[in-house]
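J.: As input, take upload.cif (mmCIF, C-alpha atoms and all ligand atoms):
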data_final
#
loop_
_atom_site.label_atom_id
_atom_site.label_comp_id
_atom_site.auth_asym_id
_atom_site.auth_seq_id
_atom_site.Cartn_x
_atom_site.Cartn_y
_atom_site.Cartn_z
CA MET A 8 29.66 35.94 24.64
CA THR A 9 25.91 35.88 24.21
CA ALA A 10 23.55 34.59 26.81
CA PRO A 11 21.17 31.88 25.65
CA GLU A 12 17.86 33.17 24.39
CA PRO A 13 15.49 32.86 27.33
CA THR A 14 12.65 31.94 25.01
CA THR A 15 14.48 29.12 23.23
CA ALA A 16 12.60 25.89 23.86
CA SER A 17 14.61 22.90 24.99
CA PRO A 18 14.02 19.74 22.94
CA SER A 19 11.90 18.27 25.71
CA SER A 20 9.55 21.23 25.78
CA ALA A 21 9.32 21.69 22.00
CA ALA A 22 5.78 22.17 20.78
CA PRO A 23 4.40 19.24 18.79
CA ALA A 24 4.68 19.67 15.04
CA THR A 25 1.38 20.60 13.49
CA ASN A 26 1.90 19.42 9.92
CA GLY A 27 2.09 15.75 10.88
CA ALA A 28 5.43 15.28 9.15
CA ASP A 29 7.21 14.20 12.34
CA HIS A 30 4.58 11.70 13.38
CA PRO A 31 4.13 8.12 12.40
CA ALA A 32 1.18 7.67 10.04
CA LEU A 33 -0.39 5.46 12.70
CA ALA A 34 0.57 4.95 16.33
CA LEU A 35 -1.04 2.37 18.60
CA ARG A 36 -0.27 2.70 22.30
CA ASP A 37 -0.93 -0.13 24.72
CA LEU A 38 -4.08 -0.99 22.80
CA ARG A 39 -6.37 -3.47 24.52
CA LYS A 40 -9.70 -5.12 23.86
CA THR A 41 -11.49 -7.56 26.08
CA PHE A 42 -14.80 -9.33 25.54
CA GLY A 43 -16.00 -10.26 29.02
CA SER A 44 -13.13 -12.20 30.52
CA ALA A 45 -11.61 -13.00 27.08
CA VAL A 46 -8.63 -10.86 26.07
CA ALA A 47 -8.60 -10.37 22.28
CA VAL A 48 -5.91 -7.66 22.12
CA ASP A 49 -3.48 -7.54 24.99
CA GLY A 50 -1.40 -4.35 24.91
CA VAL A 51 -0.33 -3.64 21.34
CA ASP A 52 2.25 -0.90 20.65
CA LEU A 53 2.95 -0.16 17.02
CA ASP A 54 4.23 2.70 14.87
CA VAL A 55 3.47 2.56 11.15
CA ARG A 56 5.67 4.85 9.08
CA ARG A 57 4.30 7.10 6.38
CA GLY A 58 4.10 5.22 3.07
CA GLU A 59 4.80 1.91 4.74
CA PHE A 60 3.06 -1.37 3.95
CA LEU A 61 2.74 -3.11 7.29
CA THR A 62 1.05 -6.47 7.73
CA LEU A 63 -0.47 -8.05 10.82
CA LEU A 64 0.17 -11.77 10.48
CA GLY A 65 -0.74 -14.50 12.90
CA PRO A 66 -2.85 -17.56 13.55
CA SER A 67 -6.63 -17.47 13.71
CA GLY A 68 -7.90 -15.76 16.84
CA SER A 69 -4.64 -13.91 17.59
CA GLY A 70 -6.28 -10.46 17.51
CA LYS A 71 -5.45 -9.11 14.04
CA THR A 72 -8.99 -8.26 12.94
CA THR A 73 -9.91 -6.83 16.32
CA THR A 74 -6.87 -4.52 16.12
CA LEU A 75 -7.80 -3.41 12.60
CA ARG A 76 -11.43 -2.81 13.58
CA MET A 77 -10.30 -0.57 16.42
CA VAL A 78 -8.10 1.42 14.03
CA ALA A 79 -11.07 1.74 11.64
CA GLY A 80 -13.26 2.92 14.52
CA PHE A 81 -15.80 0.09 14.29
CA MET A 82 -14.90 -1.04 17.77
CA ALA A 83 -13.89 0.99 20.83
CA PRO A 84 -10.73 -0.11 22.63
CA THR A 85 -11.04 -1.21 26.24
CA ALA A 86 -7.83 0.75 26.91
CA GLY A 87 -4.98 2.44 25.05
CA SER A 88 -4.91 4.96 22.24
CA ILE A 89 -4.88 5.28 18.45
CA GLU A 90 -3.18 8.22 16.74
CA ILE A 91 -3.41 8.89 13.01
CA ASP A 92 -0.92 11.45 11.71
CA GLY A 93 -0.33 12.65 15.24
CA SER A 94 -4.00 13.25 16.11
CA ASP A 95 -5.76 11.22 18.77
CA MET A 96 -8.50 9.24 17.02
CA THR A 97 -9.33 6.82 19.83
CA ARG A 98 -12.89 8.10 20.26
CA VAL A 99 -13.45 9.61 16.80
CA PRO A 100 -16.20 7.96 14.68
CA PRO A 101 -15.07 5.96 11.62
CA TYR A 102 -16.24 8.45 8.98
CA ARG A 103 -14.07 11.19 10.51
CA ARG A 104 -10.86 9.14 10.53
CA ASP A 105 -10.11 9.58 6.84
CA VAL A 106 -9.32 5.93 6.41
CA GLY A 107 -9.96 3.73 3.34
CA MET A 108 -11.00 0.13 3.85
CA VAL A 109 -11.10 -3.11 1.88
CA PHE A 110 -12.43 -6.35 3.33
CA GLN A 111 -12.64 -9.95 2.27
CA ASN A 112 -16.33 -9.96 1.36
CA TYR A 113 -16.26 -7.27 -1.33
CA ALA A 114 -19.08 -5.30 0.32
CA LEU A 115 -19.85 -3.40 -2.86
CA PHE A 116 -23.37 -1.96 -3.07
CA PRO A 117 -25.09 -4.48 -5.38
CA HIS A 118 -27.62 -2.01 -6.78
CA MET A 119 -24.92 0.49 -7.83
CA THR A 120 -22.64 0.34 -10.85
CA ALA A 121 -18.88 0.03 -10.35
CA ALA A 122 -18.52 3.77 -11.04
CA ASP A 123 -21.24 4.67 -8.51
CA ASN A 124 -19.64 2.41 -5.93
CA VAL A 125 -16.32 4.18 -6.41
CA ALA A 126 -18.04 7.58 -6.38
CA PHE A 127 -19.78 6.85 -3.08
CA PRO A 128 -17.10 8.15 -0.66
CA LEU A 129 -16.79 11.34 -2.74
CA ARG A 130 -20.57 11.90 -2.76
CA MET A 131 -20.57 11.45 1.01
CA ARG A 132 -17.91 14.17 1.15
CA ARG A 133 -20.04 16.37 -1.13
CA ARG A 134 -17.35 16.86 -3.75
CA PRO A 135 -18.36 18.71 -6.94
CA ALA A 136 -19.74 16.53 -9.76
CA ALA A 137 -16.91 17.29 -12.20
CA GLU A 138 -14.29 16.33 -9.62
CA ILE A 139 -16.16 13.11 -8.80
CA LYS A 140 -16.31 12.16 -12.47
CA LYS A 141 -12.59 12.71 -12.97
CA ARG A 142 -11.50 10.98 -9.79
CA VAL A 143 -13.71 7.94 -10.38
CA ALA A 144 -12.33 7.56 -13.90
CA ASP A 145 -8.76 7.87 -12.57
CA ALA A 146 -9.36 5.35 -9.77
CA LEU A 147 -10.92 2.79 -12.14
CA GLU A 148 -8.01 3.32 -14.51
CA LEU A 149 -5.58 2.80 -11.62
CA VAL A 150 -7.05 -0.65 -10.90
CA LYS A 151 -7.17 -1.43 -14.65
CA LEU A 152 -10.96 -1.38 -14.91
CA GLY A 153 -11.23 1.64 -17.17
CA GLY A 154 -14.01 0.22 -19.32
CA TYR A 155 -16.06 -1.36 -16.54
CA GLY A 156 -17.66 1.65 -14.84
CA ASP A 157 -21.20 0.83 -16.03
CA ARG A 158 -21.22 -2.75 -14.84
CA TYR A 159 -23.00 -3.91 -11.72
CA PRO A 160 -21.12 -6.03 -9.17
CA ARG A 161 -22.95 -9.20 -10.31
CA GLN A 162 -21.52 -8.64 -13.81
CA LEU A 163 -17.96 -8.63 -12.47
CA SER A 164 -15.70 -11.51 -11.42
CA GLY A 165 -14.54 -11.83 -7.81
CA GLY A 166 -11.16 -10.32 -8.64
CA GLN A 167 -12.74 -7.42 -10.53
CA GLN A 168 -15.12 -6.74 -7.63
CA GLN A 169 -12.19 -6.61 -5.28
CA ARG A 170 -10.43 -4.15 -7.59
CA VAL A 171 -13.53 -1.95 -7.54
CA ALA A 172 -13.44 -2.16 -3.72
CA LEU A 173 -9.79 -1.08 -3.86
CA ALA A 174 -10.63 1.85 -6.17
CA ARG A 175 -13.42 2.89 -3.79
CA ALA A 176 -11.04 2.73 -0.82
CA VAL A 177 -8.40 4.95 -2.42
CA VAL A 178 -10.54 7.39 -4.45
CA PHE A 179 -10.67 10.01 -1.69
CA GLU A 180 -6.92 9.74 -1.04
CA PRO A 181 -7.21 8.58 2.55
CA ARG A 182 -4.35 9.03 5.01
CA LEU A 183 -4.45 5.36 5.80
CA LEU A 184 -5.60 2.25 3.96
CA LEU A 185 -6.85 -0.73 6.00
CA MET A 186 -7.24 -4.14 4.41
CA ASP A 187 -8.52 -7.26 6.13
CA GLU A 188 -7.85 -10.46 4.16
CA PRO A 189 -8.92 -8.66 0.96
CA LEU A 190 -7.84 -11.60 -1.20
CA GLY A 191 -9.06 -14.34 1.11
CA ALA A 192 -12.01 -15.35 -1.09
CA LEU A 193 -10.03 -15.60 -4.33
CA ASP A 194 -8.24 -18.56 -5.86
CA ARG A 195 -4.48 -18.78 -5.64
CA LYS A 196 -3.58 -17.48 -9.09
CA LEU A 197 -5.86 -14.50 -8.88
CA ARG A 198 -4.64 -13.81 -5.36
CA GLU A 199 -1.05 -13.66 -6.55
CA SER A 200 -1.81 -11.25 -9.38
CA LEU A 201 -3.90 -9.02 -7.10
CA GLN A 202 -1.11 -8.98 -4.50
CA LEU A 203 1.06 -7.33 -7.10
CA GLU A 204 -1.78 -4.96 -8.08
CA ILE A 205 -2.29 -3.85 -4.50
CA ILE A 206 1.43 -3.23 -4.05
CA ARG A 207 1.56 -1.23 -7.29
CA VAL A 208 -1.50 0.86 -6.44
CA SER A 209 -0.37 1.60 -2.90
CA ARG A 210 3.12 2.58 -4.13
CA GLU A 211 1.75 4.79 -6.88
CA LEU A 212 -0.37 6.60 -4.32
CA GLY A 213 2.33 6.62 -1.66
CA ALA A 214 -0.32 5.18 0.68
CA THR A 215 0.27 3.91 4.19
CA VAL A 216 -1.26 0.45 4.42
CA LEU A 217 -2.18 -1.71 7.41
CA TYR A 218 -2.94 -5.17 6.05
CA VAL A 219 -4.25 -8.29 7.77
CA THR A 220 -3.62 -11.82 6.58
CA HIS A 221 -2.97 -15.26 8.00
CA ASP A 222 -1.11 -16.25 4.83
CA GLN A 223 2.61 -15.94 5.49
CA GLU A 224 3.62 -16.02 1.82
CA GLU A 225 1.27 -13.14 1.12
CA ALA A 226 2.74 -11.22 4.03
CA LEU A 227 6.32 -11.86 2.87
CA VAL A 228 5.59 -10.82 -0.71
CA MET A 229 3.73 -7.63 0.09
CA SER A 230 5.07 -6.08 3.25
CA ASP A 231 7.79 -3.65 4.22
CA ARG A 232 7.38 -4.91 7.77
CA ILE A 233 5.35 -7.65 9.40
CA ALA A 234 3.97 -7.74 12.95
CA ILE A 235 3.61 -11.34 14.09
CA PHE A 236 0.59 -11.68 16.35
CA SER A 237 0.14 -14.34 18.98
CA ALA A 238 -2.53 -14.38 21.68
CA GLY A 239 -3.36 -10.68 21.30
CA ARG A 240 0.22 -9.45 21.36
CA ILE A 241 2.92 -8.58 18.86
CA GLU A 242 5.45 -11.35 19.21
CA GLN A 243 7.94 -9.77 16.79
CA LEU A 244 8.01 -6.85 14.37
CA GLY A 245 10.40 -6.70 11.45
CA SER A 246 10.99 -7.17 7.74
CA GLY A 247 10.33 -10.60 6.28
CA GLU A 248 14.08 -11.15 6.19
CA ASP A 249 14.44 -10.23 9.89
CA LEU A 250 11.73 -12.64 10.89
CA TYR A 251 13.07 -15.47 8.76
CA ASP A 252 16.76 -15.03 9.56
CA ARG A 253 16.51 -13.74 13.13
CA PRO A 254 13.32 -15.01 14.76
CA ALA A 255 13.14 -13.80 18.35
CA SER A 256 11.14 -16.75 19.62
CA LEU A 257 10.31 -20.35 18.90
CA PHE A 258 6.80 -19.24 17.94
CA VAL A 259 8.10 -16.93 15.19
CA ALA A 260 10.68 -19.46 13.97
CA ASP A 261 7.95 -22.05 13.68
CA PHE A 262 5.38 -19.70 12.16
CA ILE A 263 7.52 -18.11 9.44
CA GLY A 264 8.91 -20.54 6.90
CA GLU A 265 9.75 -24.14 7.53
CA SER A 266 11.97 -24.97 10.46
CA ASN A 267 13.85 -27.86 11.94
CA ILE A 268 13.59 -27.45 15.68
CA LEU A 269 16.19 -29.25 17.76
CA ARG A 270 15.14 -29.00 21.38
CA GLY A 271 17.51 -29.33 24.28
CA ARG A 272 19.29 -27.25 26.85
CA TYR A 273 21.55 -24.29 26.29
CA GLU A 274 25.07 -24.71 27.67
CA ALA A 275 26.99 -21.45 27.72
CA ASP A 276 30.64 -21.29 26.82
CA GLY A 277 32.54 -23.37 29.34
CA GLY A 278 35.78 -22.89 27.40
CA ASP A 279 34.81 -24.92 24.33
CA GLY A 280 32.04 -22.78 22.87
CA ASP A 281 28.26 -22.57 23.22
CA TRP A 282 26.07 -25.63 22.72
CA VAL A 283 22.57 -26.98 22.73
CA THR A 284 22.70 -30.41 24.30
CA ARG A 285 20.28 -33.26 24.41
CA ASP A 286 20.98 -36.71 25.86
CA ASN A 287 24.23 -37.71 24.18
CA ALA A 288 23.99 -35.24 21.34
CA ARG A 289 25.20 -31.69 21.23
CA TRP A 290 25.16 -29.03 18.56
CA ARG A 291 27.42 -26.04 18.45
CA VAL A 292 25.84 -22.58 18.58
CA GLY A 293 27.38 -19.60 16.80
CA ARG A 294 28.61 -16.66 18.89
CA ASP A 295 26.18 -14.19 17.39
CA ALA A 296 23.18 -16.44 17.90
CA ALA A 297 24.17 -17.09 21.49
CA ALA A 298 24.65 -13.38 22.19
CA ARG A 299 21.31 -12.49 20.59
CA ALA A 300 19.30 -15.06 22.49
CA GLU A 301 20.56 -13.83 25.89
CA LEU A 302 19.87 -17.15 27.58
CA SER A 303 21.40 -18.32 30.80
CA SER A 304 23.24 -21.58 30.82
CA GLY A 305 21.11 -24.61 31.58
CA THR A 306 17.81 -23.19 30.32
CA PRO A 307 15.60 -25.09 27.86
CA ALA A 308 16.40 -23.89 24.35
CA ALA A 309 15.95 -24.87 20.75
CA LEU A 310 18.29 -24.68 17.81
CA VAL A 311 16.36 -23.79 14.68
CA VAL A 312 17.83 -24.70 11.28
CA ARG A 313 16.09 -23.98 7.99
CA PRO A 314 15.80 -26.96 5.60
CA GLU A 315 17.77 -25.22 2.84
CA ARG A 316 20.69 -24.62 5.23
CA ILE A 317 21.33 -28.30 5.84
CA ARG A 318 23.49 -30.27 3.40
CA ILE A 319 23.70 -33.99 2.89
CA VAL A 320 27.44 -34.71 2.97
CA ASP A 321 29.35 -37.76 1.88
CA GLY A 322 31.87 -38.00 4.65
CA GLY A 323 34.10 -36.09 7.00
CA GLY A 324 33.72 -35.07 10.62
CA ALA A 325 32.64 -31.87 12.24
CA GLY A 326 34.90 -29.12 11.08
CA ASP A 327 35.26 -26.08 13.26
CA GLY A 328 32.36 -24.27 11.72
CA LEU A 329 30.06 -27.25 11.13
CA ASN A 330 27.57 -29.40 12.99
CA VAL A 331 27.42 -32.91 11.63
CA VAL A 332 24.83 -35.57 12.51
CA GLU A 333 24.00 -39.09 11.36
CA ALA A 334 20.55 -39.55 9.86
CA MET A 335 18.40 -42.03 7.99
CA VAL A 336 16.41 -41.08 4.90
CA ASP A 337 12.71 -41.49 5.58
CA GLU A 338 11.08 -39.87 2.58
CA VAL A 339 12.14 -38.27 -0.71
CA LEU A 340 9.88 -35.68 -2.32
CA TYR A 341 10.47 -34.21 -5.75
CA LEU A 342 9.33 -30.59 -5.80
CA GLY A 343 10.16 -29.45 -9.31
CA PRO A 344 13.54 -27.71 -9.07
CA ASP A 345 14.16 -28.90 -5.49
CA THR A 346 14.28 -32.22 -3.75
CA LYS A 347 13.07 -32.41 -0.19
CA TYR A 348 14.16 -35.12 2.20
CA HIS A 349 12.64 -36.11 5.48
CA LEU A 350 15.19 -37.81 7.67
CA ALA A 351 15.21 -39.38 11.10
CA LEU A 352 17.86 -38.63 13.71
CA GLY A 353 17.87 -40.58 16.98
CA TRP A 354 15.23 -39.99 19.74
CA GLY A 355 12.40 -39.71 17.20
CA GLN A 356 13.62 -36.36 15.89
CA ARG A 357 12.74 -35.72 12.26
CA VAL A 358 14.56 -33.24 10.06
CA ALA A 359 13.70 -31.79 6.66
CA VAL A 360 16.41 -30.93 4.14
CA ARG A 361 15.78 -29.11 0.91
CA GLU A 362 18.32 -28.88 -1.86
CA PRO A 363 18.34 -27.89 -5.53
CA ARG A 364 17.90 -31.03 -7.58
CA GLU A 365 20.87 -30.73 -9.88
CA SER A 366 23.30 -29.88 -7.09
CA SER A 367 23.19 -33.29 -5.44
CA GLY A 368 23.81 -35.61 -8.41
CA ARG A 369 22.76 -38.54 -6.25
CA GLU A 370 19.68 -40.68 -5.88
CA LEU A 371 18.92 -41.27 -2.25
CA GLN A 372 16.32 -43.75 -1.13
CA ARG A 373 14.32 -44.45 1.94
CA GLY A 374 16.46 -46.29 4.46
CA ASP A 375 19.82 -44.84 3.30
CA GLN A 376 22.19 -43.77 6.06
CA VAL A 377 23.64 -40.30 5.49
CA ARG A 378 25.38 -37.48 7.26
CA LEU A 379 23.89 -34.04 7.56
CA ALA A 380 25.92 -30.89 8.07
CA TRP A 381 25.08 -27.27 8.65
CA SER A 382 27.20 -24.27 9.33
CA VAL A 383 27.22 -23.28 12.98
CA ASP A 384 26.25 -19.76 11.91
CA ASP A 385 23.06 -21.08 10.31
CA GLY A 386 21.67 -22.36 13.61
CA LEU A 387 19.27 -19.92 15.29
CA LEU A 388 19.09 -20.15 19.06
CA VAL A 389 15.77 -19.42 20.80
CA ALA A 390 14.34 -20.03 24.24
CA ASP A 391 12.03 -23.02 24.52
CA PRO A 392 9.43 -21.97 27.08
CA GLY A 393 7.68 -25.34 26.81
CA GLY A 394 10.93 -27.29 27.13
CA ALA A 395 11.83 -29.52 30.06
P1 LIG B 1 -8.75 -14.70 12.08
O1 LIG B 1 -7.47 -14.83 11.33
O2 LIG B 1 -9.44 -16.02 12.31
O3 LIG B 1 -9.68 -13.65 11.53
P2 LIG B 1 -7.85 -12.84 14.14
O4 LIG B 1 -6.41 -12.92 14.47
O5 LIG B 1 -8.29 -11.75 13.25
O6 LIG B 1 -8.36 -14.23 13.60
P3 LIG B 1 -9.76 -11.78 15.98
O7 LIG B 1 -10.92 -11.89 15.05
O8 LIG B 1 -9.22 -10.43 16.23
O9 LIG B 1 -8.60 -12.74 15.55
O10 LIG B 1 -10.20 -12.42 17.37
C1 LIG B 1 -9.37 -12.39 18.53
C2 LIG B 1 -10.11 -13.08 19.68
O11 LIG B 1 -11.22 -12.26 20.09
C3 LIG B 1 -10.68 -14.43 19.33
O12 LIG B 1 -10.50 -15.29 20.42
C4 LIG B 1 -12.15 -14.14 19.08
O13 LIG B 1 -12.92 -15.27 19.37
C5 LIG B 1 -12.41 -13.00 20.04
N1 LIG B 1 -13.49 -12.10 19.55
C6 LIG B 1 -13.43 -11.34 18.44
N2 LIG B 1 -14.56 -10.61 18.30
C7 LIG B 1 -15.34 -10.93 19.35
C8 LIG B 1 -16.65 -10.52 19.80
N3 LIG B 1 -17.35 -9.61 19.11
N4 LIG B 1 -17.12 -11.06 20.93
C9 LIG B 1 -16.40 -11.96 21.63
N5 LIG B 1 -15.18 -12.38 21.29
C10 LIG B 1 -14.65 -11.89 20.16
#
Take the structure from the file and write it as structure tokens.
T.:
Amino acid sequence: MTAPEPTTASPSSAAPATNGADHPALALRDLRKTFGSAVAVDGVDLDVRRGEFLTLLGPSGSGKTTTLRMVAGFMAPTAGSIEIDGSDMTRVPPYRRDVGMVFQNYALFPHMTAADNVAFPLRMRRRPAAEIKKRVADALELVKLGGYGDRYPRQLSGGQQQRVALARAVVFEPRLLLMDEPLGALDRKLRESLQLEIIRVSRELGATVLYVTHDQEEALVMSDRIAIFSAGRIEQLGSGEDLYDRPASLFVADFIGESNILRGRYEADGGDGDWVTRDNARWRVGRDAAARAELSSGTPAALVVRPERIRIVDGGGAGDGLNVVEAMVDEVLYLGPDTKYHLALGWGQRVAVREPRESSGRELQRGDQVRLAWSVDDGLLVADPGGA
């Protein structure tokens, strides 16, 4: 039998790795920022994985830009820390953070050509001329502006300027790429094509991206994970699918995608299942949803059902796995391949239902009485902090 090596380090005393491979690309710890008595960022914890595309999404004023500016180093946190690749950067000036940035208002130097704009970060780093030339050509090629190096910003369209800004942000192969509403000033079509460009470029480079937007579709299209911001905090962090299918709060359910929100009170299983009740109505809650929400019986709660999960049915009562309600058609909207209905339940509750046009084979009109049904498992249960 051999005695344990006295010098062997236990896991808890292991020295930190020095090559950065074990660290998240970016780690925010209890990050805070106040302006006088106003709290802009209220204790944000976040790990961004290497190569990940992570988006901060939330309403105006929720603290996204302030968080990004602290990561960039333009603003000092009131408290908390910022680590990039395992190194503490909280007090390090922006130019030493090795971070590329793209903002909404292009911010190209107007008196420099596209090529000189892209070359700028390399000149600042005093790279040799031959290397600068090659890297600038590669970066312009990467954003599909190979022939545009001699043009000045005023000779480029908004989308082209933003691609130059992207080339400039990635040309020095930064550890981290920060983007704040980079497509905010562009029209919808251009925005959609540049979303795909940005994804392609960041994947080709294997870049870690922290992206800010208030456009949920943009966030869903682009991101590996999304952090939903509300009042300076991360309300939920997850993939688009997580947030849509398993929102952790009423705020997230309401913010991501369209929701029907049926407010009431949660009644835990008294022998006949879990329910949300309201006046004379009650809707069954699936076991999984009830377990996930961890609510105590009697607390205000909401059942959230997505419009595409509700079906307009011809007849029949509530089967075991179904909730069925009576409703009156209020509005019919033709949305290309889908039809969307707005319907009224009792107590002033309105519900939206969306179904593929050809699947229904019926023509409903305002005033028609119908039945709506949804699978119990499609109802998401969340606490309703504002509920009675
Ligand atoms: P938007 O989507 O509108 O850009 P945001 O989520 O990025 O919003 P922030 O710009 O981070 O929000 O602002 C968060 C809060 O901090 C807001 O209430 C804002 O008014 C406040 N704030 C931001 N910068 C300052 C400042 N320099 N001085 C005072 N208050 C500020």
J.: Provide the atom CA of Gly93 of chain A to atom CA of Ser209 of chain A distance in Å, to one decimal place.
T.: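 Value for the atom CA of Gly93 of chain A-atom CA of Ser209 of chain A distance: 21.2 Å.
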J.: Could you make a table, as CSV, of the residues of chain A that have an atom within 6 Å of an atom of ligand LIG 1 (chain B), each with its nearest atom pair and distance in Å to one decimal, counting only C-alpha atoms and all ligand atoms, in chain and number order?
T.:
residue,atom,partner,partner_atom,distance
A:Phe42,CA,B:LIG1,C9,5.0
A:Ala47,CA,B:LIG1,O11,3.9
A:Pro66,CA,B:LIG1,O1,5.8
A:Ser67,CA,B:LIG1,O2,3.5
A:Gly68,CA,B:LIG1,O9,3.4
A:Ser69,CA,B:LIG1,O4,3.7
A:Gly70,CA,B:LIG1,O8,3.2
A:Lys71,CA,B:LIG1,O4,4.0
A:Thr72,CA,B:LIG1,O5,3.6
A:Thr73,CA,B:LIG1,O8,3.7
A:His221,CA,B:LIG1,O1,5.6
J.: Choose the residue, out of A:Tyr218, A:Phe127, A:Trp282, A:Phe81, that has the smallest atom-to-atom separation from Arg98 of chain A; count only C-alpha atoms.
T.: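 Of the candidates, the smallest distance to Arg98 of chain A is held by A:Phe81.
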J.: Which neighbours of segment 325-340 of chain A fall inside 10 Å, counting all atoms listed in the file, when residues of the same chain fewer than 4 positions from it are skipped, and could you give them as a PyMOL selection string?
T.: chain A and resi 288-293+317-320+345-353+356-361+370-386
J.: Which residues, written as a count of residues only, have at least one atom at most 9 Å from segment 274-281 of chain A, with all atoms listed in the file counted and residues fewer than 2 positions away on the same chain left out?
T.: 14
J.: For a test of reading the model, state the distance in Å between atom CA of Gly154 of chain A and atom CA of Val228 of chain A, rounded to one decimal.
T.: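 Distance reported for this atom pair: 29.2 Å.
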